[in-house]
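Structure file target_23.tsv; described as TSV, C-alpha atoms.
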```tsv
chain	number	residue	atom	x	y	z
Y	138	MET	CA	192.27	12.09	122.54
Y	139	VAL	CA	191.77	9.64	119.65
Y	140	LYS	CA	190.60	12.50	117.42
Y	141	LYS	CA	193.72	14.52	118.34
Y	142	ILE	CA	196.02	11.60	117.48
Y	143	ALA	CA	194.17	10.94	114.22
Y	144	MET	CA	194.47	14.63	113.27
Y	145	HIS	CA	198.18	14.60	114.06
Y	146	LEU	CA	198.73	11.49	111.97
Y	147	TRP	CA	196.81	13.09	109.09
Y	148	LEU	CA	199.03	16.17	109.31
Y	149	ALA	CA	202.14	13.97	109.30
Y	150	ARG	CA	201.14	12.12	106.13
Y	151	HIS	CA	203.61	13.99	103.90
Y	152	GLN	CA	206.46	13.13	106.26
Y	153	PHE	CA	205.31	9.53	106.27
Y	154	ILE	CA	205.33	9.47	102.46
Y	155	ARG	CA	208.93	10.76	102.43
Y	156	TYR	CA	209.82	8.28	105.20
Y	157	PHE	CA	208.22	5.51	103.16
Y	158	PHE	CA	210.21	6.54	100.06
Y	159	VAL	CA	213.49	6.56	102.02
Y	160	GLY	CA	212.59	3.17	103.45
Y	161	PHE	CA	211.55	1.76	100.08
Y	162	SER	CA	214.77	2.94	98.42
Y	163	GLY	CA	216.62	1.59	101.45
Y	164	LEU	CA	214.88	-1.74	100.96
Y	165	PHE	CA	216.23	-1.99	97.40
Y	166	LEU	CA	219.71	-0.99	98.52
Y	167	ASP	CA	219.48	-3.38	101.48
Y	168	MET	CA	218.27	-6.31	99.39
Y	169	GLY	CA	220.79	-5.57	96.63
Y	170	THR	CA	223.76	-5.50	98.97
Y	171	LEU	CA	222.44	-8.55	100.84
Y	172	TYR	CA	222.15	-10.43	97.54
Y	173	VAL	CA	225.70	-9.47	96.57
Y	174	LEU	CA	227.10	-10.46	99.96
Y	175	THR	CA	225.27	-13.81	100.16
Y	176	ASP	CA	224.76	-15.05	96.63
Y	177	LEU	CA	227.79	-13.59	94.87
Y	178	LEU	CA	230.37	-13.41	97.67
Y	179	HIS	CA	228.97	-16.48	99.51
Y	180	ILE	CA	228.91	-14.92	102.97
Y	181	ARG	CA	226.55	-16.58	105.49
Y	182	PRO	CA	223.23	-14.66	105.67
Y	183	VAL	CA	223.58	-13.94	109.40
Y	184	LEU	CA	227.01	-12.32	108.89
Y	185	ALA	CA	225.83	-10.59	105.70
Y	186	VAL	CA	222.96	-8.90	107.56
Y	187	GLY	CA	225.46	-7.66	110.13
Y	188	ILE	CA	227.72	-6.15	107.46
Y	189	ASN	CA	224.79	-4.83	105.46
Y	190	GLY	CA	223.32	-3.11	108.50
Y	191	LEU	CA	226.36	-0.86	108.81
Y	192	VAL	CA	225.91	0.45	105.26
Y	193	MET	CA	222.22	1.06	105.76
Y	194	LEU	CA	222.66	2.99	109.03
Y	195	ASN	CA	224.26	5.99	107.36
Y	196	TYR	CA	222.01	5.95	104.30
Y	197	ILE	CA	218.79	6.00	106.33
Y	198	PHE	CA	220.00	8.44	109.01
Y	199	PHE	CA	221.05	11.24	106.71
Y	200	LEU	CA	218.16	10.98	104.25
Y	201	ASN	CA	215.64	11.00	107.09
Y	202	LYS	CA	217.37	13.81	108.95
Y	203	TYR	CA	217.63	16.23	106.05
Y	204	TRP	CA	214.81	15.21	103.73
Y	205	THR	CA	212.06	13.40	105.62
Y	206	PHE	CA	212.01	15.27	108.93
Y	207	LYS	CA	213.95	18.38	107.81
Y	208	SER	CA	215.61	18.36	111.19
Y	209	ASN	CA	217.91	21.15	112.27
Y	210	GLY	CA	218.79	19.45	115.54
Y	211	VAL	CA	222.32	18.75	116.69
Y	212	THR	CA	223.50	15.90	114.48
Y	213	HIS	CA	225.67	14.10	117.02
Y	214	LYS	CA	222.86	14.04	119.62
Y	215	GLN	CA	220.44	12.72	117.02
Y	216	MET	CA	222.99	10.15	115.90
Y	217	ILE	CA	223.28	8.84	119.44
Y	218	LYS	CA	219.50	8.35	119.62
Y	219	TYR	CA	219.49	6.93	116.13
Y	220	PHE	CA	222.26	4.46	117.00
Y	221	VAL	CA	220.40	3.34	120.12
Y	222	LEU	CA	217.29	2.65	118.06
Y	223	SER	CA	219.38	1.14	115.26
Y	224	GLY	CA	221.20	-1.05	117.75
Y	225	PHE	CA	217.87	-2.44	118.88
Y	226	ASN	CA	216.79	-2.95	115.26
Y	227	TYR	CA	220.17	-4.50	114.41
Y	228	VAL	CA	219.90	-7.09	117.19
Y	229	VAL	CA	216.30	-7.86	116.19
Y	230	ALA	CA	217.37	-8.27	112.52
Y	231	ILE	CA	220.13	-10.74	113.37
Y	232	ILE	CA	217.91	-12.76	115.72
Y	233	TRP	CA	215.13	-12.63	113.12
Y	234	MET	CA	217.46	-13.92	110.37
Y	235	TYR	CA	218.85	-16.64	112.62
Y	236	PHE	CA	215.40	-17.84	113.67
Y	237	PHE	CA	213.61	-17.65	110.32
Y	238	ASN	CA	216.49	-18.61	108.01
Y	239	GLU	CA	218.69	-20.97	109.98
Y	240	LYS	CA	216.09	-22.56	112.26
Y	241	LEU	CA	212.94	-22.54	110.09
Y	242	GLY	CA	214.67	-22.67	106.68
Y	243	ILE	CA	212.87	-19.64	105.24
Y	244	ASN	CA	214.68	-17.95	102.34
Y	245	HIS	CA	217.04	-15.26	103.65
Y	246	LEU	CA	215.66	-12.55	101.35
Y	247	LEU	CA	212.07	-13.25	102.40
Y	248	ALA	CA	213.10	-13.29	106.06
Y	249	ARG	CA	214.79	-9.90	105.65
Y	250	VAL	CA	211.81	-8.31	103.88
Y	251	SER	CA	209.43	-9.51	106.58
Y	252	ASN	CA	211.70	-8.07	109.29
Y	253	ILE	CA	211.82	-4.69	107.54
Y	254	ILE	CA	208.03	-4.57	107.14
Y	255	VAL	CA	207.49	-5.21	110.85
Y	256	SER	CA	209.94	-2.49	111.92
Y	257	VAL	CA	208.58	0.28	109.66
Y	258	ALA	CA	205.76	1.38	111.98
Y	259	TRP	CA	207.70	1.64	115.23
Y	260	ASN	CA	210.63	3.34	113.51
Y	261	PHE	CA	208.54	6.15	111.99
Y	262	LEU	CA	207.06	7.06	115.36
Y	263	LEU	CA	210.39	6.88	117.16
Y	264	TYR	CA	212.16	8.88	114.46
Y	265	LYS	CA	209.51	11.58	114.47
Y	266	PHE	CA	209.01	11.94	118.21
Y	267	TRP	CA	212.39	11.01	119.60
Y	268	VAL	CA	215.34	10.94	117.18
Y	269	TYR	CA	214.52	13.93	114.95
Y	270	LYS	CA	212.16	15.76	117.31
Y	271	HIS	CA	212.27	19.51	116.70
Y	272	GLN	CA	213.94	21.24	119.61
Y	273	ASP	CA	211.78	24.38	119.39
Y	274	SER	CA	208.65	22.44	120.33
Y	275	GLY	CA	207.96	21.60	123.94
Y	276	GLU	CA	204.90	19.47	123.23
Y	277	VAL	CA	205.02	16.30	121.21
Y	278	LEU	CA	201.49	16.38	119.79
Y	279	GLU	CA	200.87	19.91	118.59
Y	280	ILE	CA	197.78	20.45	116.44
Y	281	PRO	CA	197.32	23.79	114.65
Y	282	VAL	CA	194.15	25.56	115.68
Y	283	LYS	CA	191.99	27.25	113.05
Y	284	ASN	CA	191.11	30.85	113.78
Y	285	GLY	CA	187.54	31.86	113.18
```
The structure in this file should be written as structure tokens.
Amino acid sequence: MVKKIAMHLWLARHQFIRYFFVGFSGLFLDMGTLYVLTDLLHIRPVLAVGINGLVMLNYIFFLNKYWTFKSNGVTHKQMIKYFVLSGFNYVVAIIWMYFFNEKLGINHLLARVSNIIVSVAWNFLLYKFWVYKHQDSGEVLEIPVKNG
């Protein structure tokens, strides 16, 4: 079983690289808009993360759907799953910012980066196997078999 999972992860490496690129570009967009909202417009970091999250939802969804996972699934069904996962991530991000910035006094940008790093792993797996799962496949872990 471990060998099968390792093989599947190896085969998914190109998707992960694209996912990582979308996430990395999203990180710069996220941090840039957060900086503008907090340091230039003087909005409280907790509120700024809430506003910022709405911008990032659309950016990440559509790049991952069409470029990372090349999904041809029904967009509105995938968006519902995506919004459920994003809602969870959104709540975690706000609680994370509140706890680390307002309670512990950690810089808001550092708190945000650490939150993003932690969520990368669970999001890739949930995007791949739940949100953007190909509808033509009945089995989640399909490994191509070599003939010969």
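You can rank Y:Ser223, Y:Val228, Y:Glu239, Y:Lys207 by their closest distance to Lys270 (chain Y) using only C-alpha atoms, and at the top of that list sits Y:Lys207.
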Shell of 8 Å around region 261-267 of chain Y, all atoms listed in the file, local chain residues under 6 positions omitted, as a PyMOL selection string = chain Y and resi 153+156+206+218-219+277
Quick one: of Y:Gly190, Y:Tyr196, Y:His145, Y:His271, who's nearest to Val211 (chain Y), counting only C-alpha atoms?
-> Y:His271
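Atom pair CA of Ala185 (chain Y) / CA of Ile243 (chain Y) has a distance of 15.8 Å (rounded to one decimal).
Closest approach to Asn209 (chain Y) among Y:Ala149, Y:Gly163, Y:Leu241, Y:Tyr269: Y:Tyr269, based on all atoms listed in the file.
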Which is closer to Met216 (chain Y) than all the others in Y:Val268, Y:Ile154, Y:Val173, Y:Val139, using only C-alpha atoms?
-> Y:Val268
Skipping near chain neighbours, those fewer than 5 positions away, what residues fall within 12 Å of region 180-184 of chain Y using all atoms listed in the file, listed as a ChimeraX atom specification?
-> /Y:168,170-175,189-191,227-240,242-249
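The space separating CA of Leu178 (chain Y) from CA of Asn252 (chain Y) comes to 22.6 Å.
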Point-to-point distance from CA of Phe199 (chain Y) to CA of Gly160 (chain Y), Å rounded to tenths | 12.1 Å
